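S.K.: Handing over model04.pdb, PDB, C-alpha atoms.
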```
MODEL        1
ATOM      1  CA  MET P 306      -3.162  16.428  -5.191  1.00  0.00           C
ATOM      2  CA  VAL P 307      -1.155  15.902  -1.987  1.00  0.00           C
ATOM      3  CA  SER P 308      -3.793  17.716   0.113  1.00  0.00           C
ATOM      4  CA  THR P 309      -6.466  15.432  -1.343  1.00  0.00           C
ATOM      5  CA  VAL P 310      -4.342  12.428  -0.543  1.00  0.00           C
ATOM      6  CA  THR P 311      -3.819  13.583   3.026  1.00  0.00           C
ATOM      7  CA  LYS P 312      -7.567  13.787   3.590  1.00  0.00           C
ATOM      8  CA  ALA P 313      -8.268  10.465   1.901  1.00  0.00           C
ATOM      9  CA  ALA P 314      -5.483   8.338   3.381  1.00  0.00           C
ATOM     10  CA  THR P 315      -5.854   6.475   6.653  1.00  0.00           C
ATOM     11  CA  ALA P 316      -3.094   7.415   9.088  1.00  0.00           C
ATOM     12  CA  ILE P 317      -1.156   4.542  10.582  1.00  0.00           C
ATOM     13  CA  THR P 318       1.487   5.050  13.246  1.00  0.00           C
ATOM     14  CA  ALA P 319       4.953   4.435  11.847  1.00  0.00           C
ATOM     15  CA  GLU P 320       6.843   1.526  13.339  1.00  0.00           C
ATOM     16  CA  THR P 321      10.578   1.772  13.745  1.00  0.00           C
ATOM     17  CA  VAL P 322      12.193  -0.908  11.626  1.00  0.00           C
ATOM     18  CA  PRO P 323      14.619  -3.314  13.269  1.00  0.00           C
ATOM     19  CA  SER P 324      18.331  -2.816  12.802  1.00  0.00           C
ATOM     20  CA  THR P 325      20.006  -4.736   9.996  1.00  0.00           C
ATOM     21  CA  ALA P 326      20.164  -8.349  11.121  1.00  0.00           C
ATOM     22  CA  GLY P 327      23.194  -9.112  13.258  1.00  0.00           C
ATOM     23  CA  SER P 328      24.861  -5.739  12.731  1.00  0.00           C
ATOM     24  CA  GLY P 329      23.188  -3.586  15.388  1.00  0.00           C
ATOM     25  CA  ARG P 330      22.834  -0.685  12.942  1.00  0.00           C
ATOM     26  CA  ARG P 331      20.013   1.081  11.157  1.00  0.00           C
ATOM     27  CA  PRO P 332      19.244   0.022   7.589  1.00  0.00           C
ATOM     28  CA  VAL P 333      20.745   2.281   4.928  1.00  0.00           C
ATOM     29  CA  ILE P 334      18.468   2.823   1.935  1.00  0.00           C
ATOM     30  CA  ALA P 335      19.695   4.431  -1.279  1.00  0.00           C
ATOM     31  CA  VAL P 336      17.147   6.570  -3.128  1.00  0.00           C
ATOM     32  CA  LEU P 337      17.636   7.368  -6.805  1.00  0.00           C
ATOM     33  CA  ALA P 338      17.680  11.189  -6.791  1.00  0.00           C
ATOM     34  CA  VAL P 339      18.213  12.156 -10.426  1.00  0.00           C
ATOM     35  CA  GLN P 340      14.557  13.080 -11.064  1.00  0.00           C
ATOM     36  CA  GLY P 341      11.102  12.624  -9.609  1.00  0.00           C
ATOM     37  CA  ALA P 342       9.543  12.332  -6.147  1.00  0.00           C
ATOM     38  CA  PHE P 343      12.624  11.166  -4.252  1.00  0.00           C
ATOM     39  CA  ILE P 344      12.401  13.644  -1.348  1.00  0.00           C
ATOM     40  CA  GLU P 345       9.051  12.241  -0.217  1.00  0.00           C
ATOM     41  CA  HIS P 346      10.495   8.719  -0.107  1.00  0.00           C
ATOM     42  CA  GLU P 347      13.474   9.942   1.899  1.00  0.00           C
ATOM     43  CA  ARG P 348      11.203  11.559   4.484  1.00  0.00           C
ATOM     44  CA  ARG P 349       9.079   8.438   4.910  1.00  0.00           C
ATOM     45  CA  LEU P 350      12.101   6.141   5.189  1.00  0.00           C
ATOM     46  CA  ARG P 351      13.641   8.311   7.890  1.00  0.00           C
ATOM     47  CA  GLU P 352      10.342   8.270   9.781  1.00  0.00           C
ATOM     48  CA  LEU P 353      10.574   4.474   9.717  1.00  0.00           C
ATOM     49  CA  GLY P 354      14.043   4.464  11.281  1.00  0.00           C
ATOM     50  CA  CYS P 355      16.216   4.139   8.178  1.00  0.00           C
ATOM     51  CA  ASP P 356      19.285   6.092   7.185  1.00  0.00           C
ATOM     52  CA  VAL P 357      19.118   7.438   3.630  1.00  0.00           C
ATOM     53  CA  VAL P 358      21.714   8.162   0.960  1.00  0.00           C
ATOM     54  CA  GLU P 359      21.040   9.739  -2.422  1.00  0.00           C
ATOM     55  CA  LEU P 360      22.234   8.345  -5.743  1.00  0.00           C
ATOM     56  CA  ARG P 361      22.943  11.237  -8.121  1.00  0.00           C
ATOM     57  CA  GLN P 362      26.075  10.136  -9.946  1.00  0.00           C
ATOM     58  CA  LEU P 363      28.150   7.033 -10.537  1.00  0.00           C
ATOM     59  CA  ARG P 364      30.509   7.560  -7.605  1.00  0.00           C
ATOM     60  CA  ASP P 365      27.528   7.540  -5.230  1.00  0.00           C
ATOM     61  CA  LEU P 366      27.309   3.785  -5.847  1.00  0.00           C
ATOM     62  CA  ASP P 367      30.525   3.417  -3.832  1.00  0.00           C
ATOM     63  CA  GLN P 368      28.523   4.144  -0.668  1.00  0.00           C
ATOM     64  CA  PRO P 369      27.356   1.092   1.288  1.00  0.00           C
ATOM     65  CA  PHE P 370      23.577   0.610   1.288  1.00  0.00           C
ATOM     66  CA  ASP P 371      21.174  -2.219   2.055  1.00  0.00           C
ATOM     67  CA  GLY P 372      18.289  -1.436  -0.291  1.00  0.00           C
ATOM     68  CA  LEU P 373      17.274   0.785  -3.188  1.00  0.00           C
ATOM     69  CA  VAL P 374      14.198   2.916  -3.930  1.00  0.00           C
ATOM     70  CA  LEU P 375      13.320   4.010  -7.468  1.00  0.00           C
ATOM     71  CA  PRO P 376      10.815   6.894  -7.177  1.00  0.00           C
ATOM     72  CA  GLY P 377       7.974   8.081  -9.341  1.00  0.00           C
ATOM     73  CA  GLY P 378       8.571  10.743 -11.957  1.00  0.00           C
ATOM     74  CA  GLU P 379       9.352  10.438 -15.668  1.00  0.00           C
ATOM     75  CA  SER P 380      10.616   6.961 -16.535  1.00  0.00           C
ATOM     76  CA  THR P 381      11.939   8.230 -19.875  1.00  0.00           C
ATOM     77  CA  ALA P 382      14.012  10.946 -18.219  1.00  0.00           C
ATOM     78  CA  GLN P 383      15.204   8.640 -15.459  1.00  0.00           C
ATOM     79  CA  GLY P 384      16.237   5.917 -17.892  1.00  0.00           C
ATOM     80  CA  LYS P 385      18.161   8.395 -20.028  1.00  0.00           C
ATOM     81  CA  LEU P 386      19.906   9.928 -17.022  1.00  0.00           C
ATOM     82  CA  LEU P 387      20.856   6.518 -15.624  1.00  0.00           C
ATOM     83  CA  THR P 388      22.331   5.606 -19.003  1.00  0.00           C
ATOM     84  CA  ASP P 389      24.174   8.905 -19.487  1.00  0.00           C
ATOM     85  CA  LEU P 390      25.563   8.804 -15.944  1.00  0.00           C
ATOM     86  CA  GLY P 391      26.809   5.235 -16.343  1.00  0.00           C
ATOM     87  CA  MET P 392      24.592   4.005 -13.511  1.00  0.00           C
ATOM     88  CA  LEU P 393      22.171   1.762 -15.397  1.00  0.00           C
ATOM     89  CA  GLU P 394      24.311  -1.359 -15.755  1.00  0.00           C
ATOM     90  CA  PRO P 395      25.845  -1.272 -12.247  1.00  0.00           C
ATOM     91  CA  LEU P 396      22.392  -0.915 -10.663  1.00  0.00           C
ATOM     92  CA  ARG P 397      20.959  -3.645 -12.875  1.00  0.00           C
ATOM     93  CA  GLN P 398      23.713  -6.028 -11.803  1.00  0.00           C
ATOM     94  CA  ARG P 399      23.232  -5.240  -8.117  1.00  0.00           C
ATOM     95  CA  ILE P 400      19.505  -5.948  -8.386  1.00  0.00           C
ATOM     96  CA  LEU P 401      20.184  -9.222 -10.210  1.00  0.00           C
ATOM     97  CA  ASP P 402      22.676 -10.075  -7.458  1.00  0.00           C
ATOM     98  CA  GLY P 403      19.928  -9.689  -4.843  1.00  0.00           C
ATOM     99  CA  LEU P 404      19.839  -6.038  -3.743  1.00  0.00           C
ATOM    100  CA  PRO P 405      16.316  -5.359  -2.375  1.00  0.00           C
ATOM    101  CA  VAL P 406      14.583  -2.719  -4.490  1.00  0.00           C
ATOM    102  CA  LEU P 407      11.278  -0.844  -4.367  1.00  0.00           C
ATOM    103  CA  GLY P 408      10.073   0.780  -7.597  1.00  0.00           C
ATOM    104  CA  THR P 409       7.064   3.098  -7.477  1.00  0.00           C
ATOM    105  CA  CYS P 410       5.182   4.357 -10.565  1.00  0.00           C
ATOM    106  CA  ALA P 411       8.010   5.357 -12.933  1.00  0.00           C
ATOM    107  CA  GLY P 412      10.309   3.161 -10.858  1.00  0.00           C
ATOM    108  CA  MET P 413       8.088   0.202 -11.679  1.00  0.00           C
ATOM    109  CA  VAL P 414       8.417   1.031 -15.388  1.00  0.00           C
ATOM    110  CA  LEU P 415      12.215   1.091 -15.025  1.00  0.00           C
ATOM    111  CA  LEU P 416      12.195  -2.358 -13.426  1.00  0.00           C
ATOM    112  CA  ALA P 417       9.820  -3.982 -15.934  1.00  0.00           C
ATOM    113  CA  GLN P 418      11.265  -6.208 -18.615  1.00  0.00           C
ATOM    114  CA  ALA P 419       8.711  -4.963 -21.151  1.00  0.00           C
ATOM    115  CA  ALA P 420       6.553  -1.859 -21.613  1.00  0.00           C
ATOM    116  CA  GLU P 421       3.528  -1.229 -23.784  1.00  0.00           C
ATOM    117  CA  GLY P 422       2.692   2.150 -25.277  1.00  0.00           C
ATOM    118  CA  ALA P 423       4.625   5.394 -25.260  1.00  0.00           C
ATOM    119  CA  GLY P 424       2.944   6.946 -22.254  1.00  0.00           C
ATOM    120  CA  ASP P 425       1.029  10.199 -22.517  1.00  0.00           C
ATOM    121  CA  ALA P 426       2.049  10.758 -26.143  1.00  0.00           C
ATOM    122  CA  GLU P 427      -0.996  12.472 -27.649  1.00  0.00           C
ATOM    123  CA  GLY P 428       0.066  15.543 -29.612  1.00  0.00           C
ATOM    124  CA  LEU P 429       3.793  14.878 -29.309  1.00  0.00           C
ATOM    125  CA  ASP P 430       6.228  14.927 -32.201  1.00  0.00           C
ATOM    126  CA  PRO P 431       6.541  11.357 -33.619  1.00  0.00           C
ATOM    127  CA  SER P 432      10.307  11.410 -33.107  1.00  0.00           C
ATOM    128  CA  LEU P 433       9.798  12.099 -29.395  1.00  0.00           C
ATOM    129  CA  VAL P 434       7.314   9.253 -29.143  1.00  0.00           C
ATOM    130  CA  ALA P 435       9.823   6.910 -30.783  1.00  0.00           C
ATOM    131  CA  GLY P 436      12.414   7.975 -28.227  1.00  0.00           C
ATOM    132  CA  ARG P 437      10.073   7.098 -25.388  1.00  0.00           C
ATOM    133  CA  THR P 438       9.586   3.560 -26.615  1.00  0.00           C
ATOM    134  CA  THR P 439      13.301   2.867 -27.024  1.00  0.00           C
ATOM    135  CA  VAL P 440      14.569   4.277 -23.708  1.00  0.00           C
ATOM    136  CA  GLN P 441      16.661   1.812 -21.729  1.00  0.00           C
ATOM    137  CA  ARG P 442      15.328   0.309 -18.516  1.00  0.00           C
ATOM    138  CA  LEU P 443      16.780  -1.864 -15.782  1.00  0.00           C
ATOM    139  CA  ALA P 444      14.522  -4.676 -17.061  1.00  0.00           C
ATOM    140  CA  THR P 445      14.993  -6.987 -14.074  1.00  0.00           C
ATOM    141  CA  LEU P 446      11.326  -7.609 -13.214  1.00  0.00           C
ATOM    142  CA  PRO P 447       9.474 -10.272 -15.281  1.00  0.00           C
ATOM    143  CA  CYS P 448       6.352  -8.315 -16.134  1.00  0.00           C
ATOM    144  CA  THR P 449       4.876  -6.033 -18.800  1.00  0.00           C
ATOM    145  CA  VAL P 450       3.679  -2.562 -17.861  1.00  0.00           C
ATOM    146  CA  VAL P 451       1.310  -0.210 -19.651  1.00  0.00           C
ATOM    147  CA  ARG P 452       2.822   3.252 -19.348  1.00  0.00           C
ATOM    148  CA  ASN P 453       0.413   5.989 -18.231  1.00  0.00           C
ATOM    149  CA  GLY P 454      -2.254   3.303 -18.295  1.00  0.00           C
ATOM    150  CA  TYR P 455      -4.678   5.515 -16.378  1.00  0.00           C
ATOM    151  CA  GLY P 456      -4.292   8.526 -18.687  1.00  0.00           C
ATOM    152  CA  ARG P 457      -3.140  12.080 -18.104  1.00  0.00           C
ATOM    153  CA  GLN P 458      -2.874  14.082 -14.878  1.00  0.00           C
ATOM    154  CA  LEU P 459      -6.675  14.373 -14.689  1.00  0.00           C
ATOM    155  CA  GLY P 460      -6.724  10.594 -14.524  1.00  0.00           C
ATOM    156  CA  SER P 461      -5.053  10.690 -11.105  1.00  0.00           C
ATOM    157  CA  PHE P 462      -7.112   9.263  -8.236  1.00  0.00           C
ATOM    158  CA  VAL P 463      -7.089   7.723  -4.766  1.00  0.00           C
ATOM    159  CA  ALA P 464      -8.405   4.206  -4.121  1.00  0.00           C
ATOM    160  CA  ARG P 465      -8.340   1.556  -1.413  1.00  0.00           C
ATOM    161  CA  ALA P 466      -7.510  -2.077  -2.104  1.00  0.00           C
ATOM    162  CA  PRO P 467      -6.219  -5.157  -0.294  1.00  0.00           C
ATOM    163  CA  PHE P 468      -2.425  -5.467  -0.273  1.00  0.00           C
ATOM    164  CA  GLY P 469      -0.460  -8.676   0.167  1.00  0.00           C
ATOM    165  CA  ALA P 470       0.262 -11.910  -1.652  1.00  0.00           C
ATOM    166  CA  GLU P 471      -2.896 -13.349  -3.198  1.00  0.00           C
ATOM    167  CA  GLU P 472      -3.959 -16.830  -2.185  1.00  0.00           C
ATOM    168  CA  PRO P 473      -3.685 -19.402  -5.020  1.00  0.00           C
ATOM    169  CA  ALA P 474      -7.423 -20.142  -4.799  1.00  0.00           C
ATOM    170  CA  ALA P 475      -8.272 -16.471  -5.193  1.00  0.00           C
ATOM    171  CA  VAL P 476      -5.974 -16.185  -8.192  1.00  0.00           C
ATOM    172  CA  ALA P 477      -7.551 -19.203  -9.846  1.00  0.00           C
ATOM    173  CA  SER P 478     -11.108 -17.947  -9.372  1.00  0.00           C
ATOM    174  CA  GLY P 479     -10.446 -14.280 -10.073  1.00  0.00           C
ATOM    175  CA  PRO P 480      -9.558 -11.335  -7.811  1.00  0.00           C
ATOM    176  CA  GLU P 481     -13.184 -10.347  -7.176  1.00  0.00           C
ATOM    177  CA  ALA P 482     -14.551 -13.866  -6.640  1.00  0.00           C
ATOM    178  CA  THR P 483     -14.192 -14.018  -2.850  1.00  0.00           C
ATOM    179  CA  PRO P 484     -13.734 -11.343  -0.164  1.00  0.00           C
ATOM    180  CA  SER P 485     -10.079 -10.739   0.649  1.00  0.00           C
ATOM    181  CA  THR P 486      -8.708 -11.087   4.163  1.00  0.00           C
ATOM    182  CA  ARG P 487      -5.723  -8.914   3.273  1.00  0.00           C
ATOM    183  CA  PRO P 488      -5.699  -5.389   4.756  1.00  0.00           C
ATOM    184  CA  ALA P 489      -7.004  -2.632   2.480  1.00  0.00           C
ATOM    185  CA  ILE P 490      -4.669   0.342   2.197  1.00  0.00           C
ATOM    186  CA  PRO P 491      -4.896   3.777   0.520  1.00  0.00           C
ATOM    187  CA  LEU P 492      -3.382   3.877  -2.977  1.00  0.00           C
ATOM    188  CA  VAL P 493      -2.485   7.139  -4.730  1.00  0.00           C
ATOM    189  CA  PHE P 494      -2.288   7.023  -8.532  1.00  0.00           C
ATOM    190  CA  ILE P 495      -0.754   9.898 -10.535  1.00  0.00           C
ATOM    191  CA  ARG P 496      -0.503   9.346 -14.301  1.00  0.00           C
ATOM    192  CA  ALA P 497       0.010   5.775 -13.258  1.00  0.00           C
ATOM    193  CA  PRO P 498       1.007   2.651 -15.166  1.00  0.00           C
ATOM    194  CA  TYR P 499      -0.397  -0.782 -14.475  1.00  0.00           C
ATOM    195  CA  ILE P 500       0.834  -4.323 -15.121  1.00  0.00           C
ATOM    196  CA  SER P 501      -0.789  -6.182 -17.998  1.00  0.00           C
ATOM    197  CA  GLN P 502       1.172  -9.434 -17.718  1.00  0.00           C
ATOM    198  CA  THR P 503       3.363 -11.149 -15.135  1.00  0.00           C
ATOM    199  CA  GLY P 504       6.070 -13.750 -15.605  1.00  0.00           C
ATOM    200  CA  GLU P 505       6.830 -16.909 -13.657  1.00  0.00           C
ATOM    201  CA  GLY P 506       7.554 -16.274  -9.993  1.00  0.00           C
ATOM    202  CA  CYS P 507       6.027 -12.786 -10.011  1.00  0.00           C
ATOM    203  CA  ARG P 508       3.473 -12.612  -7.169  1.00  0.00           C
ATOM    204  CA  VAL P 509       0.530 -10.218  -7.389  1.00  0.00           C
ATOM    205  CA  LEU P 510       0.137  -8.050  -4.271  1.00  0.00           C
ATOM    206  CA  ALA P 511      -2.648  -5.632  -5.265  1.00  0.00           C
ATOM    207  CA  ARG P 512      -5.287  -5.051  -7.934  1.00  0.00           C
ATOM    208  CA  VAL P 513      -7.630  -2.166  -8.645  1.00  0.00           C
ATOM    209  CA  ASP P 514     -10.645  -2.877 -10.859  1.00  0.00           C
ATOM    210  CA  GLY P 515      -8.985  -6.130 -11.892  1.00  0.00           C
ATOM    211  CA  ARG P 516      -5.751  -4.465 -12.997  1.00  0.00           C
ATOM    212  CA  ILE P 517      -2.500  -5.491 -11.345  1.00  0.00           C
ATOM    213  CA  VAL P 518      -0.927  -2.519  -9.537  1.00  0.00           C
ATOM    214  CA  ALA P 519       1.655  -4.157  -7.257  1.00  0.00           C
ATOM    215  CA  VAL P 520       3.897  -7.224  -7.521  1.00  0.00           C
ATOM    216  CA  ARG P 521       6.807  -8.876  -5.774  1.00  0.00           C
ATOM    217  CA  TYR P 522       9.490 -10.967  -7.446  1.00  0.00           C
ATOM    218  CA  LYS P 523      12.322 -12.319  -5.290  1.00  0.00           C
ATOM    219  CA  ASN P 524      14.123  -9.184  -4.033  1.00  0.00           C
ATOM    220  CA  GLN P 525      12.030  -6.780  -6.120  1.00  0.00           C
ATOM    221  CA  LEU P 526       8.868  -4.954  -5.072  1.00  0.00           C
ATOM    222  CA  ALA P 527       7.038  -2.735  -7.558  1.00  0.00           C
ATOM    223  CA  CYS P 528       3.835  -0.722  -7.369  1.00  0.00           C
ATOM    224  CA  ALA P 529       1.999   1.619  -9.728  1.00  0.00           C
ATOM    225  CA  PHE P 530       0.975   3.968  -6.916  1.00  0.00           C
ATOM    226  CA  HIS P 531       2.760   6.355  -4.518  1.00  0.00           C
ATOM    227  CA  PRO P 532       3.111   4.995  -0.950  1.00  0.00           C
ATOM    228  CA  GLU P 533       5.237   8.012  -0.057  1.00  0.00           C
ATOM    229  CA  LEU P 534       2.132  10.243  -0.283  1.00  0.00           C
ATOM    230  CA  THR P 535       0.201   8.526   2.517  1.00  0.00           C
ATOM    231  CA  GLN P 536       0.942   7.691   6.138  1.00  0.00           C
ATOM    232  CA  ASP P 537       0.299   3.985   5.578  1.00  0.00           C
ATOM    233  CA  ASP P 538       3.507   1.977   6.068  1.00  0.00           C
ATOM    234  CA  THR P 539       2.381  -1.345   4.580  1.00  0.00           C
ATOM    235  CA  VAL P 540       4.363  -1.107   1.340  1.00  0.00           C
ATOM    236  CA  TYR P 541       7.497   0.120   3.098  1.00  0.00           C
ATOM    237  CA  GLN P 542       7.301  -2.664   5.677  1.00  0.00           C
ATOM    238  CA  GLU P 543       6.984  -5.185   2.845  1.00  0.00           C
ATOM    239  CA  PHE P 544      10.077  -3.665   1.218  1.00  0.00           C
ATOM    240  CA  LEU P 545      12.091  -3.524   4.446  1.00  0.00           C
ATOM    241  CA  SER P 546      11.266  -7.183   5.130  1.00  0.00           C
ATOM    242  CA  LEU P 547      13.402  -7.991   2.069  1.00  0.00           C
ATOM    243  CA  LEU P 548      16.551  -6.618   3.732  1.00  0.00           C
TER     244      LEU P 548
ENDMDL
END
```
Using structure tokens, write down the structure that the file contains.
M.R.:
Amino acid sequence: MVSTVTKAATAITAETVPSTAGSGRRPVIAVLAVQGAFIEHERRLRELGCDVVELRQLRDLDQPFDGLVLPGGESTAQGKLLTDLGMLEPLRQRILDGLPVLGTCAGMVLLAQAAEGAGDAEGLDPSLVAGRTTVQRLATLPCTVVRNGYGRQLGSFVARAPFGAEEPAAVASGPEATPSTRPAIPLVFIRAPYISQTGEGCRVLARVDGRIVAVRYKNQLACAFHPELTQDDTVYQEFLSLL
């Protein structure tokens, strides 16, 4: 899948991000590293001039950091591990207090206040399916996600779509009504969710075939795709602008 992505994605030269305002130092980004595609995020953030720390256990939260990345992977496993490790509530409170956060794929599911479906549950034991629907999430982002909305692994794909806050007129008339002036970027979807409903203040940043696949709400940025698997920096620059 990664080789396909490399061929399909448009390469964009990475820009070094500015130092944290007024401090003269590089931004420090914490990456949740209990499960999933965290290494790829770490590599991309370092390429953009950030320092990176990993969050693997509760004491790692004592490290100073300016932003947080929640990677793709298994949202069920990540939610359970965050709960078992005692990290769920402290991270939730930090996000509510304004910590900038980027959630990708499973990370978006963790942020969402509501989730529909049990993911890729066909053929699973009913008790396991029930466990998937009751797993705890951070639930700080006012939206509803459809887990594994694009199906199983064979449903993975690469697309291009405009990224950025939609104009009110475009929202009112529908996402396909008028050509977008926002830049189109490569989007990599792997067993991806999508957003079926957004709450007040949640701004749509990207759609594919009419489905919402990226949003921003205050200090929170969430996308259904994997920006870490392309060389396009648009999503990361949007996230780093929140610092």
S.K.: List the neighbours of P:Ala382 out to 10 Å using all atoms listed in the file; skip same-chain residues closer than 2 positions along the sequence, and give me the result as a list in words.
M.R.: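 Answer for this query is Val339, Gln340, Gly341, Gly378, Glu379, Ser380, Gly384, Lys385, Leu386, Leu387, Thr388, Ala411, Arg437 and Val440 of chain P.
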S.K.: Give the answer as one residue: which of P:Ile500, P:Val493, P:Cys448, P:Ala466 has the shortest atom-to-atom distance to P:Tyr522, using all atoms listed in the file?
M.R.: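 That would be P:Cys448, the residue with the smallest distance to P:Tyr522.
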S.K.: Written as a ChimeraX atom specification, which residues does the PyMOL selection byres ((chain P and resi 368) around 10) give for the file shown?
M.R.: /P:333,335,358-360,364-367,369-370
S.K.: Using the chain letters and numbering of this document, enumerate as a VMD selection string the residues selected by the PyMOL selection byres ((chain P and resi 445) around 7).
M.R.: chain P and resid 397 401 416 to 418 443 to 444 446 to 447
S.K.: If I take atom CA of P:Ile495 and atom CA of P:Gln441, how far is one from the other in Å, to one decimal?
M.R.: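 Atom-to-atom, atom CA of P:Ile495 to atom CA of P:Gln441, that is 22.2 Å.
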S.K.: Please list as a count of residues only every residue within 10 Å of stretch 502-512 of chain P, counting all atoms listed in the file and excluding residues in the same chain fewer than 5 positions away.
M.R.: 37
S.K.: Atom CA of P:Phe544 to atom CA of P:Leu407: how many Å, to one decimal?
M.R.: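 Calculated distance between atom CA of P:Phe544 and atom CA of P:Leu407 is 6.4 Å.
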S.K.: Between atom CA of P:Arg496 and atom CA of P:Arg452, what distance in Å does the model show, to one decimal?
M.R.: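 These atoms are spaced 8.6 Å apart.
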S.K.: Just checking: using all atoms listed in the file, which residue out of P:Asn524, P:Gln536, P:Thr381, P:Gln362 ends up closest to P:Val406?
M.R.: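 Among the listed residues, P:Asn524 lies closest to P:Val406.
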S.K.: Which is closest to P:Ser501 among P:Asp538, P:Glu533, P:Glu421, P:Glu543, if we use all atoms listed in the file?
M.R.: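 Among the listed residues, P:Glu421 lies closest to P:Ser501.
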